[in-house]
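Note sheet for the following structure.
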Amino acid sequence: MAKTWKEISDKLRKMDRREFLDRSRQELSKRADAMLSAVRYDFASRIQRAGSAQPGKFFFRSDQVENLLQLVRDRLPEQAGKIIERAEKICSHRFDLLGYTDLDYGQPIDWHLDAVHQKNAPWKPFHRIRYLDFAEVGDSKVTWELNRHQHLVTLAKAYRLTGSDRFAREILSQWGSWHAQNPYPIGINWASSLEVGFRGLSWIWMHAFLEGTKFLTADFHAEYLRAQALNARHIERYLSTYFSPNTHLLGEAVALFFLGTLSPELRGAERWKSQGWQMVLQEAARQINPDGMHFEQSVYYHVYALDFFLHAALLASANGVELPADFENTLERMLHALYLLGRAGPPPRFGDDDGGRLFDSMRNRDEHLLDPLATGAVLFGRGDFKALSQELCEETIWLLGEAGVLAWDSLEPQPVPVSSASLESSGIYILVAPPSKSQLIVKSGPSRAQTRGHAHADAMSLCLQSSGHALLIDAGAYEYVGEGGERNLFRGTAMHNTLTVDGQDQAEPDDPFSWKQEIGAKTERWIVGETFDLIIGSHSGYSRLPDPVTHRRWIVGLRSGAFLVRDVIEGEGEHRLELSWQLSPDLQMQQKDLFRVKQSSQGLAIVTVQSHGWSEEVHKGPWSPVYGLQRSTTVLKFGTTSRLPAEFVTLLAPLPEANARPGKLSRAETSESVCAYRFEANEVIYQFFFGKTQRPWVSGQVASDGEFVCITTRQNQAADIILCHGTYVELDGKRVVAAAHAVARYEVVNGETVQVFCSDPSAITNFGVLGPEKTIG
């Protein structure tokens with residue numbers, strides 16, 4: 001109890017006056033609502049008003065539904081069939097929720113049940129329910145996913161697709177059942193304003209599909225308005241302004257905007273519309289980084305937020321609400337960031353996986369994360385978005401209508417080039433190998449502060465994609481609460497493609513959505529050349545150990561098709577070091593360190609230094625493709641117990657034909673001032689040199705003062721040279737690269753002519769050495 005009071009005291013001291021007053025108001029309001037409910041107060045009575053008002057415009061009118069349904073049948077016949085199939089299950093009260101399938105919710109449905117763990121949330125005012133307490137409620141996300149009522153939209157679509165009254169009657173039956181079991185403000189289904197917002201949005205879609213049919217009677221419409229009035233009152237009264245000012249607050253803002261726009265006959269509608277829209281714009285400016293990524297450090301939450309913003313923008317446009325240019329630019333930046341992450345395969349799932357979606361809750365797998373690009377392609381005329389999304393999705397048909405489908409058809413697909421890119425404010429860097437259409441996506445240090453509630457302890461982790469396939473993956477999130485400790489397992493460092501020290505995570509978990517320390521990740525170098533990419537990043541997450549440790553990772557991406565990863569562990573004392581590579585479940589082992597994509601010739605070689613001295617094991621480890629679902633995949637792990645400093649080098653080579661290892665990697669001559677490696681691949685030899693002291697160094701026949709040097713030699717051809725942060729390179733005593741001062745990068749590419757690329761061309765001083773035919777870029 002003493003600790004609890006200290007935590008409360010510390011939290012109060014950190015609040016400013018505005019936060020303190022708003023939190024106090026909300027707590028008093030919750031208790032007042034509970035007391036009013038005890039005397040059967042009608043909470044919606046003062047919100048409804050008599051008379052009619054011109055309704056707002058939804059994405060489609062009732063007289064357009066049949067044409068849009070036909071487009072779904074024609075364009076997406078498999079999806080139309082899935083809608084009907086899912087609706088049949090729903091009528092039997094069997095639900096697919098998040099990653100769980102065929103959950104039986106009984107007759108009648110128990111709306112307070114977590115059917116996965118067979119736990120019922122208590123029947124009491126919502127503010128007294130500890131919804132993150134697994135012992136009390138189970139996993140609230142499971143309960144809430146059902147109570148979002150997105151399945152009512154599925155029933156409504158099935159009714160319109162088939163004409164079967166059975167689906168519409170099931171809507172009415174579940175509507176009545178839900179309201180009987182959830183009187184305001186009793187129960188877990190009022191405990192989250194975001195969940196109230198989701199439910200309100202689902203009811204809007206359900207209403208739109210039933211409009212003009214015999215089932216949307218005047219009485220049912222009145223019940224609908226009354227229920228939406230109560231939803232809006234609750235959201236406005238209990239906004240997550242300070243509790244969870246991220247996608248929770250954004251979703252609540254979108255719900256208020258929709259309710260205010262589409263139900264103008266309700267008292268307060270104009271205020272909800274204005275307040276909701278202003279909040280949407282404010283959150284777009286606050287939550288989205290300059291590079292277009294959402295600030296929660298989660299790719300899934302980025303898509304989640306993008307869905308909210310797109311729906312709000314389209315409803316605003318339909319109702320004559322002006323879209324500020326900054327907001328439109330934010331939308332396109334968000335879409336472009338997603339596009340960059342998915343150019344060579346499914347976007348990596350850095351951070352948490354919510355498991356839910358705004359339009360179709362079942363589109364929650366890796367292959368569905370690019371869905372917004374289809375809508376974005378039409379809105380912004382982006383043929384590259386269309387090429388990457390490949391096909392029109394159902395959501396786009398309903399959002400943009402027939403005109404949108406025509407615009408999609410007339411839009412020319414554009415090539416999707418694989419080129420180096422960075423999302424620097426979010427700390428995401430993309431190194432590429434165009435010949436194999438591969439990109440290595442690195443999660444390094446963000447350049448500005450981010451929220452960490454949905455972030456993992458995964459600094460300097462990476463994922464690898466090639467030609468549409470995931471090769472190295474993020475293991476996912478699996479769950480937020482539970483009995484087995486999987487929450488901390490999946491967000492821990494060992495579940496990511498990076499290195500652990502002494503079996504510890506980069507930060508210690510606190511509660512399910514916080515950490516006890518900052519990881520202190522930072523990007524030290526990011527260099528994009530003509531023939532290579534280089535990133536150097538580090539973190540101080542292990543500085544808390546009795547003998548502090550720093551992990552620094554160098555990654556060199558060669559355009560020719562390989563990525564060299566050098567892990568340097570600095571500090572003192574003896575430590576246990578373990579490096580993990582999480583392989584895609586689509587990869588199967590061909591031979592030691594060689595893996596092939598199932599039913600494909602493509603694959604991946606993971607080449608390590610000969611006689612590296614670390615232990616090596618291949619085992620099956622957990623992986624979660626979606627919230628609530630756990631599968632196994634292959635994990636390759638290297639480990640040692642060693643005195644520091646230490647380092648380990650891995651070469652990752654995506655292969656178009658995974659028939660044999662591409663070459664051998666060995667350690668070359670090393671001294672206190674330089675560390676060197678040699679990779680021999682067919683008739684090409686790559687030599688990598690890493691300077692240690694910012695002083696001149698010599699290794700074999702190579703001398704330089706560079707921080708990094710790469711020498712590539714081929715038969716009967718002069719060497720290609722890369723120099724980073726140095727002034728010269730000598731081969732066999734001959735100075736082949738020279739600059740007047742240290743340059744970030746200097747490249748010499750030999751072919752029919754000599755090409756020279758330098759970050760500062762004016763610094764080049766050895767023109768005569770390069771030969772008579774040269775070009776300088």
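Order determines the names: the first chain of the structure tokens is A, the second B, and so forth; residues in each chain are numbered 1 upward, and ligands are numbered 1 upward as they are shown.
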
query = Which neighbours of Lys273 (chain A) fall inside 8 Å, counting only C-alpha atoms, when residues of the same chain fewer than 2 positions from it are skipped, and could you give them as a VMD selection string?
reply = chain A and resid 256 to 261 269 to 271 275 to 277

Prev. selection, C-alpha atoms, output as an mmCIF file, in the first residue's frame:
data_model
loop_
_atom_site.group_PDB
_atom_site.id
_atom_site.type_symbol
_atom_site.label_atom_id
_atom_site.label_comp_id
_atom_site.auth_asym_id
_atom_site.auth_seq_id
_atom_site.Cartn_x
_atom_site.Cartn_y
_atom_site.Cartn_z
ATOM 1 C CA LEU A 256 -17.358 12.200 -32.218
ATOM 2 C CA PHE A 257 -16.916 13.700 -35.682
ATOM 3 C CA PHE A 258 -18.934 10.917 -37.339
ATOM 4 C CA LEU A 259 -21.710 11.042 -34.722
ATOM 5 C CA GLY A 260 -21.979 14.814 -34.894
ATOM 6 C CA THR A 261 -21.939 14.876 -38.687
ATOM 7 C CA ALA A 269 -24.306 17.201 -32.631
ATOM 8 C CA GLU A 270 -22.805 20.434 -33.943
ATOM 9 C CA ARG A 271 -20.465 20.589 -30.951
ATOM 10 C CA GLN A 275 -14.799 19.223 -31.477
ATOM 11 C CA GLY A 276 -14.138 15.881 -33.148
ATOM 12 C CA TRP A 277 -12.797 17.444 -36.343
#

Hey, what's within 10 Å of Phe350 (chain A) if we count only C-alpha atoms and toss same-chain stuff fewer than 3 positions away? As a short mmCIF file (atom, residue, chain, number, x, y, z; two decimals) with C-alpha atoms, in the first residue's frame, please?
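Final output, selection_2.cif:
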data_model
loop_
_atom_site.label_atom_id
_atom_site.label_comp_id
_atom_site.auth_asym_id
_atom_site.auth_seq_id
_atom_site.Cartn_x
_atom_site.Cartn_y
_atom_site.Cartn_z
CA GLN A 297 6.90 2.99 -32.73
CA SER A 298 4.57 0.31 -34.05
CA VAL A 299 3.91 -0.41 -37.73
CA TYR A 300 0.51 -1.91 -36.94
CA TYR A 301 -0.53 1.16 -34.97
CA PRO A 347 5.80 -4.51 -43.78
CA ASP A 353 0.09 -5.61 -32.88
CA VAL A 442 16.58 -1.29 -39.41
CA LYS A 443 15.00 0.09 -36.24
CA HIS A 454 3.48 0.00 -27.68
CA ALA A 455 7.22 -0.13 -28.39
CA HIS A 456 9.39 -3.18 -27.81
CA ASP A 458 14.22 -3.85 -29.99
CA SER A 461 16.83 -4.88 -34.63
CA LEU A 462 16.16 -5.48 -38.31
CA CYS A 463 13.86 -7.26 -40.75
CA ILE A 473 10.84 -11.18 -39.29
CA ASP A 474 9.69 -9.46 -36.13
CA ALA A 475 8.07 -12.07 -33.89
CA GLY A 476 4.94 -10.00 -33.15
CA ALA A 477 3.20 -9.16 -29.88
CA ARG A 491 8.25 -7.49 -26.41
CA HIS A 496 14.04 -9.65 -32.07
#

inquiry  = Can you tell me which residues surround Cys758 (chain A) at a distance of at most 9 Å, considering only C-alpha atoms, apart from same-chain residues fewer than 4 positions away, and format the answer as a ChimeraX atom specification?
reply    = /A:529,743-748,762-764,776-777

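The shortest atom-to-atom distance to Gly292 (chain A), with only C-alpha atoms taken into account, belongs to A:Ser425 out of A:Ser438, A:Asn716, A:Asn182, A:Ser425.
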
ask   = What's the 10 Å shell around region 535-538 of chain A, counting only C-alpha atoms, without same-chain residues fewer than 6 positions away, as a PyMOL selection string?
value = chain A and resi 427+429-431+442-445+459-460+519-528+550-557+565-569

Given the selection you just returned, output its residues as a file containing N, CA, C and O atoms, formatted as a short mmCIF file (atom, residue, chain, number, x, y, z; two decimals), in the first residue's frame.
data_model
loop_
_atom_site.label_atom_id
_atom_site.label_comp_id
_atom_site.auth_asym_id
_atom_site.auth_seq_id
_atom_site.Cartn_x
_atom_site.Cartn_y
_atom_site.Cartn_z
N GLY A 427 13.46 6.80 -36.58
CA GLY A 427 14.57 5.88 -36.38
C GLY A 427 14.50 4.63 -37.23
O GLY A 427 15.01 3.58 -36.83
N TYR A 429 15.48 2.91 -40.92
CA TYR A 429 16.38 3.08 -42.07
C TYR A 429 16.28 1.87 -42.97
O TYR A 429 16.19 0.73 -42.50
N ILE A 430 16.29 2.12 -44.28
CA ILE A 430 16.08 1.05 -45.26
C ILE A 430 17.28 0.98 -46.18
O ILE A 430 17.57 1.90 -46.94
N LEU A 431 18.01 -0.14 -46.09
CA LEU A 431 19.15 -0.42 -46.95
C LEU A 431 18.70 -1.39 -48.04
O LEU A 431 17.88 -2.29 -47.77
N VAL A 442 15.90 -1.36 -40.70
CA VAL A 442 16.58 -1.29 -39.41
C VAL A 442 15.84 -0.34 -38.49
O VAL A 442 15.48 0.78 -38.89
N LYS A 443 15.63 -0.76 -37.25
CA LYS A 443 15.00 0.09 -36.24
C LYS A 443 16.11 0.64 -35.35
O LYS A 443 16.57 -0.02 -34.43
N SER A 444 16.52 1.85 -35.63
CA SER A 444 17.63 2.46 -34.91
C SER A 444 17.08 3.54 -33.97
O SER A 444 15.94 3.46 -33.53
N GLY A 445 17.88 4.54 -33.70
CA GLY A 445 17.46 5.59 -32.76
C GLY A 445 16.68 6.69 -33.44
O GLY A 445 17.14 7.29 -34.41
N ALA A 459 15.89 -2.06 -29.99
CA ALA A 459 16.80 -1.12 -30.64
C ALA A 459 17.82 -1.87 -31.49
O ALA A 459 18.37 -2.89 -31.07
N MET A 460 18.06 -1.36 -32.68
CA MET A 460 19.00 -1.92 -33.65
C MET A 460 18.58 -3.28 -34.20
O MET A 460 19.39 -3.99 -34.79
N ILE A 519 15.89 3.29 -23.42
CA ILE A 519 16.90 2.44 -24.06
C ILE A 519 18.09 3.28 -24.53
O ILE A 519 19.21 2.79 -24.61
N GLY A 520 17.85 4.52 -24.84
CA GLY A 520 18.94 5.40 -25.26
C GLY A 520 19.50 5.05 -26.62
O GLY A 520 20.72 5.15 -26.84
N ALA A 521 18.63 4.67 -27.56
CA ALA A 521 19.10 4.34 -28.91
C ALA A 521 19.42 5.60 -29.69
O ALA A 521 18.73 6.62 -29.57
N LYS A 522 20.47 5.54 -30.49
CA LYS A 522 20.80 6.68 -31.33
C LYS A 522 21.45 6.20 -32.62
O LYS A 522 22.10 5.15 -32.68
N THR A 523 21.23 6.96 -33.66
CA THR A 523 21.84 6.69 -34.96
C THR A 523 23.08 7.56 -35.09
O THR A 523 23.00 8.78 -35.06
N GLU A 524 24.22 6.93 -35.22
CA GLU A 524 25.49 7.66 -35.26
C GLU A 524 25.91 8.01 -36.69
O GLU A 524 26.55 9.05 -36.92
N ARG A 525 25.60 7.15 -37.62
CA ARG A 525 25.92 7.40 -39.03
C ARG A 525 24.79 6.87 -39.90
O ARG A 525 24.25 5.79 -39.65
N TRP A 526 24.47 7.61 -40.94
CA TRP A 526 23.59 7.10 -41.99
C TRP A 526 24.12 7.68 -43.29
O TRP A 526 24.07 8.88 -43.53
N ILE A 527 24.69 6.81 -44.11
CA ILE A 527 25.32 7.24 -45.35
C ILE A 527 24.71 6.45 -46.50
O ILE A 527 24.68 5.21 -46.47
N VAL A 528 24.23 7.16 -47.49
CA VAL A 528 23.68 6.55 -48.70
C VAL A 528 24.63 6.87 -49.84
O VAL A 528 24.81 8.03 -50.20
N THR A 550 27.78 -1.29 -23.82
CA THR A 550 27.17 -0.60 -24.97
C THR A 550 27.17 -1.55 -26.16
O THR A 550 28.20 -2.16 -26.47
N HIS A 551 26.02 -1.66 -26.81
CA HIS A 551 25.91 -2.45 -28.04
C HIS A 551 25.89 -1.48 -29.21
O HIS A 551 25.03 -0.60 -29.29
N ARG A 552 26.85 -1.66 -30.11
CA ARG A 552 26.90 -0.83 -31.33
C ARG A 552 26.80 -1.76 -32.53
O ARG A 552 27.48 -2.79 -32.60
N ARG A 553 25.95 -1.41 -33.47
CA ARG A 553 25.75 -2.26 -34.66
C ARG A 553 26.08 -1.45 -35.91
O ARG A 553 25.56 -0.36 -36.13
N TRP A 554 26.98 -2.01 -36.71
CA TRP A 554 27.31 -1.49 -38.04
C TRP A 554 26.60 -2.37 -39.06
O TRP A 554 26.68 -3.60 -38.99
N ILE A 555 25.96 -1.76 -40.04
CA ILE A 555 25.36 -2.53 -41.13
C ILE A 555 25.78 -1.90 -42.44
O ILE A 555 25.56 -0.70 -42.67
N VAL A 556 26.41 -2.71 -43.29
CA VAL A 556 26.82 -2.27 -44.62
C VAL A 556 25.94 -2.99 -45.63
O VAL A 556 25.88 -4.22 -45.64
N GLY A 557 25.25 -2.22 -46.44
CA GLY A 557 24.45 -2.80 -47.50
C GLY A 557 25.11 -2.55 -48.83
O GLY A 557 25.32 -1.39 -49.22
N VAL A 565 26.54 -7.36 -41.24
CA VAL A 565 26.11 -6.87 -39.93
C VAL A 565 27.25 -7.12 -38.94
O VAL A 565 27.63 -8.28 -38.72
N ARG A 566 27.76 -6.07 -38.35
CA ARG A 566 28.85 -6.18 -37.38
C ARG A 566 28.35 -5.70 -36.02
O ARG A 566 28.01 -4.54 -35.83
N ASP A 567 28.28 -6.61 -35.06
CA ASP A 567 27.84 -6.29 -33.71
C ASP A 567 29.07 -6.13 -32.82
O ASP A 567 29.85 -7.09 -32.66
N VAL A 568 29.21 -4.95 -32.25
CA VAL A 568 30.34 -4.64 -31.38
C VAL A 568 29.80 -4.43 -29.97
O VAL A 568 28.88 -3.62 -29.77
N ILE A 569 30.36 -5.17 -29.01
CA ILE A 569 29.91 -5.08 -27.63
C ILE A 569 31.06 -4.50 -26.81
O ILE A 569 32.13 -5.12 -26.68
#

query = What are the DSSP alpha helix (DSSP H) residues of region 216-404 of chain A, as a PyMOL selection string?
reply = chain A and resi 218-237+247-262+269-287+299-318+325-341+372-380+383-389+394-404

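If you look at CA of Gly503 (chain A) and CA of Leu545 (chain A), they are 11.3 Å away from each other.
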
inquiry  = Can you pull out every residue from region 594-628 of chain A that DSSP, working from the backbone, puts in strand (DSSP E), and format the result as a PyMOL selection string?
reply    = chain A and resi 594-597+603-608+615-626

query = Leaving out Lys516 (chain A) and any residue of its chain fewer than 4 positions from it, which residues lie within 12 Å of it when counting only C-alpha atoms, given as a list in words?
reply =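 Result of the neighbour search: Arg452, Gly453, Ala457, Asp505, Gln506, Ala507, Glu508, Pro509, Asp510, Asp511, Pro512, Gly541 and Arg544 of chain A.
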
Keeping only N, CA, C and O atoms, write those residues as a PDB file, in the first residue's frame.
ATOM      1  N   ARG A 452       6.324   5.176 -25.886  1.00  0.00           N
ATOM      2  CA  ARG A 452       6.884   3.829 -25.798  1.00  0.00           C
ATOM      3  C   ARG A 452       5.881   2.803 -25.299  1.00  0.00           C
ATOM      4  O   ARG A 452       6.241   1.670 -25.029  1.00  0.00           O
ATOM      5  N   GLY A 453       4.614   3.179 -25.140  1.00  0.00           N
ATOM      6  CA  GLY A 453       3.637   2.244 -24.615  1.00  0.00           C
ATOM      7  C   GLY A 453       3.483   0.996 -25.460  1.00  0.00           C
ATOM      8  O   GLY A 453       3.251  -0.096 -24.946  1.00  0.00           O
ATOM      9  N   ALA A 457      11.511  -3.697 -26.765  1.00  0.00           N
ATOM     10  CA  ALA A 457      12.932  -3.499 -26.442  1.00  0.00           C
ATOM     11  C   ALA A 457      13.749  -4.039 -27.611  1.00  0.00           C
ATOM     12  O   ALA A 457      14.397  -5.092 -27.523  1.00  0.00           O
ATOM     13  N   ASP A 505      16.759  -7.890 -21.103  1.00  0.00           N
ATOM     14  CA  ASP A 505      16.193  -7.025 -22.135  1.00  0.00           C
ATOM     15  C   ASP A 505      16.905  -5.679 -22.121  1.00  0.00           C
ATOM     16  O   ASP A 505      17.535  -5.297 -21.128  1.00  0.00           O
ATOM     17  N   GLN A 506      16.786  -4.950 -23.219  1.00  0.00           N
ATOM     18  CA  GLN A 506      17.412  -3.631 -23.296  1.00  0.00           C
ATOM     19  C   GLN A 506      16.830  -2.662 -22.274  1.00  0.00           C
ATOM     20  O   GLN A 506      17.475  -1.675 -21.906  1.00  0.00           O
ATOM     21  N   ALA A 507      15.616  -2.910 -21.831  1.00  0.00           N
ATOM     22  CA  ALA A 507      14.989  -2.151 -20.741  1.00  0.00           C
ATOM     23  C   ALA A 507      14.156  -3.127 -19.933  1.00  0.00           C
ATOM     24  O   ALA A 507      13.715  -4.167 -20.442  1.00  0.00           O
ATOM     25  N   GLU A 508      13.919  -2.807 -18.671  1.00  0.00           N
ATOM     26  CA  GLU A 508      13.123  -3.674 -17.807  1.00  0.00           C
ATOM     27  C   GLU A 508      11.644  -3.330 -17.958  1.00  0.00           C
ATOM     28  O   GLU A 508      11.259  -2.156 -17.882  1.00  0.00           O
ATOM     29  N   PRO A 509      10.787  -4.340 -18.150  1.00  0.00           N
ATOM     30  CA  PRO A 509       9.349  -4.067 -18.245  1.00  0.00           C
ATOM     31  C   PRO A 509       8.809  -3.512 -16.929  1.00  0.00           C
ATOM     32  O   PRO A 509       9.254  -3.901 -15.848  1.00  0.00           O
ATOM     33  N   ASP A 510       7.855  -2.613 -17.052  1.00  0.00           N
ATOM     34  CA  ASP A 510       7.152  -2.103 -15.874  1.00  0.00           C
ATOM     35  C   ASP A 510       5.740  -2.694 -15.924  1.00  0.00           C
ATOM     36  O   ASP A 510       5.556  -3.870 -15.697  1.00  0.00           O
ATOM     37  N   ASP A 511       4.727  -1.885 -16.246  1.00  0.00           N
ATOM     38  CA  ASP A 511       3.407  -2.468 -16.459  1.00  0.00           C
ATOM     39  C   ASP A 511       3.294  -2.879 -17.929  1.00  0.00           C
ATOM     40  O   ASP A 511       4.257  -2.734 -18.682  1.00  0.00           O
ATOM     41  N   PRO A 512       2.143  -3.412 -18.369  1.00  0.00           N
ATOM     42  CA  PRO A 512       2.079  -3.925 -19.749  1.00  0.00           C
ATOM     43  C   PRO A 512       2.355  -2.897 -20.832  1.00  0.00           C
ATOM     44  O   PRO A 512       2.631  -3.278 -21.973  1.00  0.00           O
ATOM     45  N   GLY A 541      21.016   0.706 -23.401  1.00  0.00           N
ATOM     46  CA  GLY A 541      20.080  -0.039 -22.561  1.00  0.00           C
ATOM     47  C   GLY A 541      20.763  -0.902 -21.514  1.00  0.00           C
ATOM     48  O   GLY A 541      20.188  -1.159 -20.447  1.00  0.00           O
ATOM     49  N   ARG A 544      22.745  -0.052 -17.398  1.00  0.00           N
ATOM     50  CA  ARG A 544      22.261  -0.274 -16.034  1.00  0.00           C
ATOM     51  C   ARG A 544      22.897  -1.481 -15.362  1.00  0.00           C
ATOM     52  O   ARG A 544      22.736  -1.687 -14.155  1.00  0.00           O
TER      53      ARG A 544
END

remark   = Residue with the minimum atom-to-atom distance to Phe59 (chain A), picked from A:Thr396, A:Ser240, A:Thr154, A:Gln107 with only C-alpha atoms counted, is A:Thr396
